[in-house]
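Colleague: Have a look at this one before I ask anything.
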Protein chains: 2
Amino acid sequence: MAKDKNAPKPKAQTPKGFRDYFGTEVTERAEMLAQIAGVYHRYGFDALESSAVETVEALGKFLPDVDRPNEGVFAWQEDEDGDKGDWLALRYDLTAPLARVYAQHRNDLPLPYRRFAMGPVWRNEKPGPGRYRQFYQCDADTVGSASVAADAEICAMLADCLEQVGIPRGDYIIRVNNRKVLNGVLETMGLQDDDQRAAVLRTIDKFDKVGEAGVRELLGQGRLDASGAYIDGVGLSEAQMQPVLAFINYFAAVQDKLALEASRAIEEGDKERGSKLDKARYSVSFEFKDTPEISGDVESLKIWNSRVLDHLQSIIGNSEIGFQGVEELREISSLLISLGYGPDRIRIDPSVVRGLGYYTGPVFEAELTFEILDEKGRKRQFGSVAGGGRYDDLVKRFIGQPVPATGVSIGVDRLLAALREKGRIGSQSVGPVVVTVMDRDRMGDYQAMVAELRSAGIRAEVYLGNPKNFGNQLKYADKRNSPVAVIEGGDEKANGVVQIKDLILGAKIAESASLEEWQDRPNQFEVPRDQLVSKVREILESYS
Amino acid sequence: MAKDKNAPKPKAQTPKGFRDYFGTEVTERAEMLAQIAGVYHRYGFDALESSAVETVEALGKFLPDVDRPNEGVFAWQEDEDGDKGDWLALRYDLTAPLARVYAQHRNDLPLPYRRFAMGPVWRNEKPGPGRYRQFYQCDADTVGSASVAADAEICAMLADCLEQVGIPRGDYIIRVNNRKVLNGVLETMGLQDDDQRAAVLRTIDKFDKVGEAGVRELLGQGRLDASGAYIDGVGLSEAQMQPVLAFINYFAAVQDKLALEASRAIEEGDKERGSKLDKARYSVSFEFKDTPEISGDVESLKIWNSRVLDHLQSIIGNSEIGFQGVEELREISSLLISLGYGPDRIRIDPSVVRGLGYYTGPVFEAELTFEILDEKGRKRQFGSVAGGGRYDDLVKRFIGQPVPATGVSIGVDRLLAALREKGRIGSQSVGPVVVTVMDRDRMGDYQAMVAELRSAGIRAEVYLGNPKNFGNQLKYADKRNSPVAVIEGGDEKANGVVQIKDLILGAKIAESASLEEWQDRPNQFEVPRDQLVSKVREILESYS
């Protein structure tokens with residue numbers, strides 16, 4: 001260290017795409033994780049924490065949303081006494097580690113194994129605004145159950161989680177689809193090649209971003225994306241891509257119609273109808289003119305679901321897998337009715353695809369339907385905060401035999417951002433009581449005061465900076481958002497008293513035009529030393 | 001994926017030195033972290049969470065306990081569009097990131113900045129039994145205060161944390177020393193070279209492991225360690241190493257004497273005295289015959305501290321830095337008296353060194369003093385669970401000017417292990433109520449039952465495995481440690497009732513030799529369907 005004195009100074013900088021979280025950013029997330037864990041636990045799930053580091057071999061190449069699937073992770077090779085060892089990597093989600101854990105410990109685990117996990121995951125991707133390379137996930141999965149009751153339950157649990165953390169009913173919608181239905185559509189197109197099918201699914205999922213023309217290019221020969229990179233197409237002929245385009249255009253036309261109706265209603269001054277129609281645009285994709293009112297009653301759910309399911313039946317034609325998919329959705333729909341979850345919370349919606357290649361059955365996605373302003377000040381729906389589905393093949397990689405599994409992942413950071421947008425969390429936290437230092441030789445006296453306050457459960461600290469400038473001590477208390485400062489100079493000490501400064505009241509007086517309304521309550525007063533704790537508590541309680 | 005069908009199966013294995021944590025292992029740690037966070041918060045510290053990944057440049061070469069300081073981390077080089085970018089690494093502690101955070105954000109942070117942080121850290125070291133390459137730390141630090149009041153307060157807070165998580169007074173001791181005193185000793189030896197001084201400190205710290213002969217070799221030419229590796233020595237002459245050996249032998253002789261007295265007392269049947277003496281061995285290092293009784297009263301603290309400090313004064317001779325160190329310890333000692341912490345909790349002890357090169361002033365260490373059995377069944381003291389100290393140069397690396405700082409790090413995993421050893425945590429958690437599936441076509445009915453139970457705040461789930469074999473369902477409930485199973489077959493459904501099976505009572509009856517004591521309380525009974533929730537609650541409450 002000493003010899004580095006003349007070395008260039010290191011940059012004090014987080015690596016690109018990483019950030020620091022301060023104070024309430026940390027505690028509000030911890031609180032949200034605890035609330036979600038509470039719901040997961042009540043549903044019978046047990047906690048699991050695997051390490052952040054896995055072998056690349058165990059993680060596999062299931063990384064979502066990446067065109068080159070062996071990239072996108074932070075990986076390095078072990079050095080074993082000079083020899084090259086295993087490749088290790090930071091986990092990119094909590095599902096791949098679960099598959100490894102289940103395969104490794106399956107003889108000791110109950111069957112089915114229901115676990116929840118929460119913690120950071122890492123993606124080695126280009127960072128963007130609000131897009132970080134470390135973020136939190138909070139997952140629950142049921143491994144070893146083939147029953148769609150497991151899927152239905154996870155959708156219900158997801159709704160409970162969202163409401164538990166403060167998203168009221170009506171501000172979110174959970175949409176459920178089934179990969180088997182999509183596969184049925186692909187089957188009617190005559191696509192057998194797995195890679196091609198996966199590519200078509202990814203393309204359907206991109207419709208929101210690239211529009212119809214983009215989808216047409218991506219299904220055909222390829223297209224230049226916004227960054228100038230050329231994305232290879234799926235290579236379908238015009239004839240082959242027709243069913244997909246028909247499928248997509250159908251939804252697009254309905255959505256356009258709803259958007260038009262919504263803006264008309266708003267122009268006509270009927271904001272309520274406009275907002276309802278706009279919400280419907282996101283959650284209702286079929287034949288708008290017959291859409292039942294958005295409500296939670298069981299009858300409208302039955303009508304809605306049976307209409308959607310009959311429609312799907314007609315799309316998938318004679319596909320066996322497609323038929324299975326529709327039947328599973330029918331069962332999920334009926335279980336949700338038993339559990340008491342109406343279409344105001346969870347509904348069948350065939351436009352849900354979900355990016356991950358590994359889903360094999362039901363897929364679901366939770367969207368927040370309220371509007372926020374984007375970075376350019378335009379209104380937009382907040383969008384997806386959670387998703388999941390059934391992935392029957394993930395454990396099979398390890399043990400050779402299929403193990404049915406289904407689960408959900410909640411994007412905790414996005415959910416926190418949504419609650420902050422709505423002003424439901426994020427108020428500044430109250431700082432500690434600050435005991436100021438008037439006489440640095442009497443630090444023991446001041447420490448005794450904070451010890452008393454803390455013993456009474458009151459957050460408190462002695463000012464530990466240089467006490468010379470008393471103004472700096474009050475500035476510090478201000479920066480900490482302290483409610484109270486305590487002052488004991490030589491005179492106070494001699495008289496057995498302390499000064500108590502009510503900083504919240506002080507701030508109010510400073511803001512207020514007239515002092516009169518505060519005149520009966522001084523913002524600084526003297527109390528006997530032995531009443532310190534009770535007086536401070538009195539002030540704190542008056543603001544709580 | 002499909003094309004990998006014939007590829008060899010990946011190994012389902014955590015990387016070497018990593019492990020998985022299940023159920024209560026996870027929730028008990030979360031609970032402990034929350035309790036410690038509560039104490040830190042009450043002392044006025046604010047939460048901070050930095051990312052797991054830092055640039056190697058920012059982390060620096062402060063890794064503790066590693067002979068080659070640029071190793072010991074998990075690191076990799078960024079790939080920036082094909083070019084080699086920054087070297088990144090997983091943090092190896094929470095202090096190095098704090099120094100980076102403070103340097104980066106100092107204009108926005110209060111001064112002093114008091115923060116706490118908790119989370120995993122990673123060490124790229126050879127794993128051993130109970131020694132993992134990922135483990136939790138839980139730190140609190142005050143940056144920007146030169147006052148030893150900050151150090152004293154952190155020692156007091158550490159004591160509060162230990163008691164908060166369930167280590168009773170008397171089962172731990174916090175020992176405080178000052179690097180400046182040790183530097184004073186080194187100065188009297190005539191050592192000026194920083195590396196040599198650091199090497200001597202590391203050697204003193206190894207005394208517990210290698211004994212006097214080992215220390216002599218390490219101070220001289222070097223020694224073969226247990227693994228057969230040759231460790232270079234400091235290169236001191238016999239004359240130079242005499243003060244250190246005298247220093248060490250002094251403590252060693254006192255400790256031997258105490259150990260002897262302790263075993264004699266136990267032989268004589270005076271267990272209480274034996275245990276007291278044995279405890280003293282760990283916390284008392286001076287002139288046993290005059291050691292005051294171990295107690296918490298202020299008078300004995302004053303006597304104890306002044307005796308130790310006078311002794312230190314005589315060791316450091318005319319060293320200016322040594323004198324400063326003794327004066328700081330005197331001040332800390334007097335502040336601890338003001339805060340009300342006696343020598344049963346915190347005491348001055350010059351045998352504390354602490355491994356890290358970066359400490360510049362007071363250092364402290366918390367040890368648990370109760371005995372546990374080691375892997376070979378031998379009794380030993382549990383040892384260190386937390387430590388810290390003042391490190392005034394860590395932020396200076398970034399900004400060129402010194403920033404005084406002090407802090408503590410609690411080894412949460414070791415603390416949990418200690419509480420488990422003592423049986424204070426680790427009881428098996430109660431599982432969910434399991435609603436069994438008698439008729440798989442009526443899954444909706446069973447889901448409705450768990451929905452009702454959950455709404456009443458009762459942890460519950462439907463059995464989601466294959467319901468064909470009813471015995472497997474009860475085995476599952478047993479494996480989950482379920483308190484209650486609910487059964488509704490066709491007859492029950494027709495009669496509007498459900499069967500409730502009290503599994504805790506069932507287990508008790510199975511264990512008990514005589515059934516008589518349970519005969520007035522059946523372990524399975526029938527209740528009307530609409531009394532399901534209230535009856536289940538009744539059973540759960542009877543066991544809580």
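We name chains A, B, ... following the order of the structure tokens; residues begin at 1 in each chain, and ligands are numbered from 1 as shown.
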Could you please tell me, as a count of residues only, which residues of chain A have an atom within 6 Å of chain B when using only C-alpha atoms?

Modeller: 38

Colleague: Mind checking which residues fall within 9 Å of Val165 in chain A, counting only C-alpha atoms, ignoring those fewer than 2 positions away in the same chain, and posting them as a PyMOL selection string?

Modeller: chain A and resi 31-33+35-36+160-163+167-168+415+419

Colleague: Using N, CA, C and O atoms, can you export the residues from the last selection as an mmCIF file, in the first residue's frame?

Modeller:
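Done, and the output landed in result_13.cif:
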```cif
data_model
loop_
_atom_site.group_PDB
_atom_site.id
_atom_site.type_symbol
_atom_site.label_atom_id
_atom_site.label_comp_id
_atom_site.auth_asym_id
_atom_site.auth_seq_id
_atom_site.Cartn_x
_atom_site.Cartn_y
_atom_site.Cartn_z
ATOM 1 N N GLU A 31 -38.633 -4.960 2.434
ATOM 2 C CA GLU A 31 -40.014 -5.061 2.913
ATOM 3 C C GLU A 31 -40.882 -5.779 1.875
ATOM 4 O O GLU A 31 -41.669 -6.666 2.210
ATOM 5 N N MET A 32 -40.716 -5.408 0.593
ATOM 6 C CA MET A 32 -41.503 -6.049 -0.466
ATOM 7 C C MET A 32 -41.173 -7.550 -0.558
ATOM 8 O O MET A 32 -42.071 -8.389 -0.666
ATOM 9 N N LEU A 33 -39.893 -7.881 -0.499
ATOM 10 C CA LEU A 33 -39.501 -9.291 -0.557
ATOM 11 C C LEU A 33 -40.119 -10.059 0.609
ATOM 12 O O LEU A 33 -40.599 -11.183 0.447
ATOM 13 N N GLN A 35 -42.881 -9.341 2.174
ATOM 14 C CA GLN A 35 -44.321 -9.483 1.961
ATOM 15 C C GLN A 35 -44.616 -10.607 0.970
ATOM 16 O O GLN A 35 -45.509 -11.428 1.179
ATOM 17 N N ILE A 36 -43.847 -10.648 -0.118
ATOM 18 C CA ILE A 36 -44.057 -11.700 -1.124
ATOM 19 C C ILE A 36 -43.718 -13.062 -0.512
ATOM 20 O O ILE A 36 -44.443 -14.042 -0.699
ATOM 21 N N ASP A 160 -52.389 -12.548 -5.494
ATOM 22 C CA ASP A 160 -52.298 -12.219 -4.064
ATOM 23 C C ASP A 160 -51.039 -11.417 -3.755
ATOM 24 O O ASP A 160 -51.059 -10.481 -2.954
ATOM 25 N N CYS A 161 -49.920 -11.813 -4.381
ATOM 26 C CA CYS A 161 -48.664 -11.104 -4.142
ATOM 27 C C CYS A 161 -48.781 -9.635 -4.560
ATOM 28 O O CYS A 161 -48.369 -8.736 -3.834
ATOM 29 N N LEU A 162 -49.328 -9.408 -5.755
ATOM 30 C CA LEU A 162 -49.423 -8.037 -6.257
ATOM 31 C C LEU A 162 -50.279 -7.191 -5.324
ATOM 32 O O LEU A 162 -49.923 -6.050 -4.993
ATOM 33 N N GLU A 163 -51.392 -7.768 -4.867
ATOM 34 C CA GLU A 163 -52.252 -6.984 -3.967
ATOM 35 C C GLU A 163 -51.579 -6.777 -2.617
ATOM 36 O O GLU A 163 -51.688 -5.724 -2.008
ATOM 37 N N ILE A 167 -50.543 -3.175 -5.021
ATOM 38 C CA ILE A 167 -51.166 -2.922 -6.329
ATOM 39 C C ILE A 167 -52.636 -3.290 -6.192
ATOM 40 O O ILE A 167 -52.971 -4.469 -6.063
ATOM 41 N N PRO A 168 -53.542 -2.313 -6.206
ATOM 42 C CA PRO A 168 -54.940 -2.670 -5.964
ATOM 43 C C PRO A 168 -55.562 -3.420 -7.141
ATOM 44 O O PRO A 168 -55.113 -3.289 -8.278
ATOM 45 N N LEU A 415 -41.445 -3.761 -10.024
ATOM 46 C CA LEU A 415 -42.616 -3.573 -9.169
ATOM 47 C C LEU A 415 -42.400 -2.395 -8.215
ATOM 48 O O LEU A 415 -43.299 -1.581 -7.987
ATOM 49 N N LEU A 419 -44.564 1.149 -7.920
ATOM 50 C CA LEU A 419 -45.145 1.702 -6.699
ATOM 51 C C LEU A 419 -44.617 3.109 -6.445
ATOM 52 O O LEU A 419 -45.332 3.972 -5.933
#
```

Colleague: I need the residues in range 16-135 of chain A that are alpha helix (DSSP H) according to DSSP; give them as an mmCIF file with N, CA and C atoms, in the first residue's frame.

Modeller:
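For reference, states.cif as written:
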```cif
data_model
loop_
_atom_site.group_PDB
_atom_site.id
_atom_site.type_symbol
_atom_site.label_atom_id
_atom_site.label_comp_id
_atom_site.auth_asym_id
_atom_site.auth_seq_id
_atom_site.Cartn_x
_atom_site.Cartn_y
_atom_site.Cartn_z
ATOM 1 N N THR A 24 -33.898 4.043 1.919
ATOM 2 C CA THR A 24 -35.221 3.456 1.709
ATOM 3 C C THR A 24 -35.281 2.601 0.439
ATOM 4 N N GLU A 25 -34.410 2.878 -0.545
ATOM 5 C CA GLU A 25 -34.378 1.995 -1.720
ATOM 6 C C GLU A 25 -34.087 0.556 -1.285
ATOM 7 N N VAL A 26 -33.239 0.426 -0.281
ATOM 8 C CA VAL A 26 -32.883 -0.907 0.211
ATOM 9 C C VAL A 26 -33.988 -1.467 1.111
ATOM 10 N N THR A 27 -34.458 -0.632 2.036
ATOM 11 C CA THR A 27 -35.404 -1.151 3.028
ATOM 12 C C THR A 27 -36.777 -1.411 2.404
ATOM 13 N N GLU A 28 -37.160 -0.591 1.416
ATOM 14 C CA GLU A 28 -38.452 -0.844 0.766
ATOM 15 C C GLU A 28 -38.415 -2.146 -0.034
ATOM 16 N N ARG A 29 -37.280 -2.430 -0.655
ATOM 17 C CA ARG A 29 -37.176 -3.700 -1.372
ATOM 18 C C ARG A 29 -37.218 -4.877 -0.393
ATOM 19 N N ALA A 30 -36.488 -4.738 0.712
ATOM 20 C CA ALA A 30 -36.491 -5.812 1.713
ATOM 21 C C ALA A 30 -37.910 -6.057 2.219
ATOM 22 N N GLU A 31 -38.633 -4.960 2.434
ATOM 23 C CA GLU A 31 -40.014 -5.061 2.913
ATOM 24 C C GLU A 31 -40.882 -5.779 1.875
ATOM 25 N N MET A 32 -40.716 -5.408 0.593
ATOM 26 C CA MET A 32 -41.503 -6.049 -0.466
ATOM 27 C C MET A 32 -41.173 -7.550 -0.558
ATOM 28 N N LEU A 33 -39.893 -7.881 -0.499
ATOM 29 C CA LEU A 33 -39.501 -9.291 -0.557
ATOM 30 C C LEU A 33 -40.119 -10.059 0.609
ATOM 31 N N ALA A 34 -40.128 -9.438 1.793
ATOM 32 C CA ALA A 34 -40.691 -10.112 2.960
ATOM 33 C C ALA A 34 -42.194 -10.331 2.775
ATOM 34 N N GLN A 35 -42.881 -9.341 2.174
ATOM 35 C CA GLN A 35 -44.321 -9.483 1.961
ATOM 36 C C GLN A 35 -44.616 -10.607 0.970
ATOM 37 N N ILE A 36 -43.847 -10.648 -0.118
ATOM 38 C CA ILE A 36 -44.057 -11.700 -1.124
ATOM 39 C C ILE A 36 -43.718 -13.062 -0.512
ATOM 40 N N ALA A 37 -42.624 -13.124 0.244
ATOM 41 C CA ALA A 37 -42.250 -14.382 0.894
ATOM 42 C C ALA A 37 -43.376 -14.866 1.799
ATOM 43 N N GLY A 38 -44.047 -13.915 2.454
ATOM 44 C CA GLY A 38 -45.164 -14.269 3.327
ATOM 45 C C GLY A 38 -46.287 -14.955 2.555
ATOM 46 N N VAL A 39 -46.608 -14.409 1.374
ATOM 47 C CA VAL A 39 -47.663 -15.022 0.550
ATOM 48 C C VAL A 39 -47.216 -16.404 0.069
ATOM 49 N N TYR A 40 -45.997 -16.484 -0.464
ATOM 50 C CA TYR A 40 -45.474 -17.779 -0.937
ATOM 51 C C TYR A 40 -45.528 -18.820 0.185
ATOM 52 N N HIS A 41 -45.136 -18.405 1.364
ATOM 53 C CA HIS A 41 -45.104 -19.315 2.508
ATOM 54 C C HIS A 41 -46.509 -19.801 2.853
ATOM 55 N N ARG A 42 -47.461 -18.871 2.823
ATOM 56 C CA ARG A 42 -48.839 -19.235 3.149
ATOM 57 C C ARG A 42 -49.383 -20.253 2.150
ATOM 58 N N VAL A 56 -21.085 -23.379 -15.507
ATOM 59 C CA VAL A 56 -21.729 -23.057 -16.778
ATOM 60 C C VAL A 56 -22.465 -24.290 -17.300
ATOM 61 N N GLU A 57 -21.858 -25.446 -17.077
ATOM 62 C CA GLU A 57 -22.466 -26.718 -17.464
ATOM 63 C C GLU A 57 -23.860 -26.890 -16.846
ATOM 64 N N ALA A 58 -23.980 -26.585 -15.560
ATOM 65 C CA ALA A 58 -25.263 -26.765 -14.880
ATOM 66 C C ALA A 58 -26.285 -25.716 -15.323
ATOM 67 N N LEU A 59 -25.818 -24.482 -15.562
ATOM 68 C CA LEU A 59 -26.750 -23.420 -15.966
ATOM 69 C C LEU A 59 -27.358 -23.722 -17.321
ATOM 70 N N THR A 95 -34.405 -20.014 -11.953
ATOM 71 C CA THR A 95 -35.025 -21.264 -12.394
ATOM 72 C C THR A 95 -33.977 -22.305 -12.770
ATOM 73 N N ALA A 96 -32.961 -21.877 -13.507
ATOM 74 C CA ALA A 96 -31.898 -22.812 -13.884
ATOM 75 C C ALA A 96 -31.228 -23.400 -12.630
ATOM 76 N N PRO A 97 -30.902 -22.583 -11.615
ATOM 77 C CA PRO A 97 -30.357 -23.163 -10.382
ATOM 78 C C PRO A 97 -31.335 -24.120 -9.693
ATOM 79 N N LEU A 98 -32.644 -23.827 -9.760
ATOM 80 C CA LEU A 98 -33.624 -24.722 -9.143
ATOM 81 C C LEU A 98 -33.567 -26.105 -9.783
ATOM 82 N N ALA A 99 -33.462 -26.137 -11.115
ATOM 83 C CA ALA A 99 -33.395 -27.427 -11.812
ATOM 84 C C ALA A 99 -32.179 -28.213 -11.314
ATOM 85 N N ARG A 100 -31.042 -27.521 -11.177
ATOM 86 C CA ARG A 100 -29.835 -28.176 -10.673
ATOM 87 C C ARG A 100 -30.038 -28.664 -9.232
ATOM 88 N N VAL A 101 -30.592 -27.794 -8.376
ATOM 89 C CA VAL A 101 -30.820 -28.163 -6.966
ATOM 90 C C VAL A 101 -31.732 -29.379 -6.881
ATOM 91 N N TYR A 102 -32.826 -29.358 -7.676
ATOM 92 C CA TYR A 102 -33.765 -30.471 -7.589
ATOM 93 C C TYR A 102 -33.093 -31.776 -8.024
ATOM 94 N N ALA A 103 -32.326 -31.707 -9.121
ATOM 95 C CA ALA A 103 -31.657 -32.918 -9.616
ATOM 96 C C ALA A 103 -30.638 -33.422 -8.586
ATOM 97 N N GLN A 104 -29.954 -32.499 -7.927
ATOM 98 C CA GLN A 104 -28.903 -32.875 -6.977
ATOM 99 C C GLN A 104 -29.463 -33.455 -5.676
ATOM 100 N N HIS A 105 -30.556 -32.867 -5.189
ATOM 101 C CA HIS A 105 -31.047 -33.230 -3.847
ATOM 102 C C HIS A 105 -32.361 -34.001 -3.887
#
```

Colleague: I'd like the interatomic distance between CA of Lys206 in chain A and CA of Met118 in chain A, to a tenth of an Å.

Modeller: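 So the two atoms, CA of Lys206 in chain A and CA of Met118 in chain A, lie 28.3 Å apart.
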
Colleague: I'd like the interatomic distance between CA of Ile509 in chain B and CA of Lys422 in chain B, to a tenth of an Å.

Modeller: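 Separating CA of Ile509 in chain B from CA of Lys422 in chain B is a distance of 29.1 Å.
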
Colleague: When you look at Arg223 in chain B with a cut-off of 12 Å (counting only C-alpha atoms), what residues show up, excluding the ones that are within fewer than 2 positions of it in the same chain? I need them as a PDB file with C-alpha atoms, in the first residue's frame.

Modeller:
```pdb
ATOM      1  CA  THR B 203       2.701 -13.571  12.563  1.00  0.00           C
ATOM      2  CA  VAL B 210       1.433 -22.281  15.070  1.00  0.00           C
ATOM      3  CA  ALA B 213       8.182 -22.367  17.714  1.00  0.00           C
ATOM      4  CA  GLY B 214       6.128 -21.576  14.625  1.00  0.00           C
ATOM      5  CA  VAL B 215       6.218 -17.862  15.315  1.00  0.00           C
ATOM      6  CA  ARG B 216       9.991 -18.063  15.781  1.00  0.00           C
ATOM      7  CA  GLU B 217      10.370 -19.744  12.361  1.00  0.00           C
ATOM      8  CA  LEU B 218       8.003 -17.289  10.672  1.00  0.00           C
ATOM      9  CA  LEU B 219       9.822 -14.293  12.112  1.00  0.00           C
ATOM     10  CA  GLY B 220      13.114 -15.810  10.969  1.00  0.00           C
ATOM     11  CA  GLN B 221      13.748 -17.700   7.742  1.00  0.00           C
ATOM     12  CA  ASP B 225       3.131 -25.374   6.795  1.00  0.00           C
ATOM     13  CA  ALA B 226       0.832 -28.350   7.417  1.00  0.00           C
ATOM     14  CA  SER B 227      -0.008 -28.700   3.723  1.00  0.00           C
ATOM     15  CA  GLY B 228       3.681 -28.974   2.852  1.00  0.00           C
ATOM     16  CA  ALA B 229       3.953 -25.480   1.358  1.00  0.00           C
ATOM     17  CA  TYR B 230       6.951 -23.388   2.354  1.00  0.00           C
ATOM     18  CA  ILE B 231       6.019 -20.031   3.902  1.00  0.00           C
ATOM     19  CA  ASP B 232       8.711 -17.373   3.643  1.00  0.00           C
ATOM     20  CA  GLY B 233       9.787 -15.825   6.922  1.00  0.00           C
ATOM     21  CA  VAL B 234      10.036 -12.129   7.819  1.00  0.00           C
ATOM     22  CA  GLY B 235      13.821 -12.422   7.929  1.00  0.00           C
TER      23      GLY B 235
END
```

Colleague: Looking only at strand (DSSP E or B) from DSSP on the backbone, list the matching residues of range 333-436 of chain A as an NGL selection string.

Modeller: :A and (346-348 or 362-373 or 379-390 or 405-411 or 433-435)

Colleague: Would you please work out which residue, of A:Asp93, A:Glu367, A:Glu187, A:Asp151, is nearest to Ser333 in chain A when using only C-alpha atoms?

Modeller: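 When distances to Ser333 in chain A are compared using only C-alpha atoms, the smallest one comes from A:Asp151.
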
Colleague: What is the distance, in Å and to one decimal place, between CA of Thr369 in chain B and CA of Arg175 in chain B?

Modeller: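 Value for the CA of Thr369 in chain B-CA of Arg175 in chain B distance: 11.8 Å.
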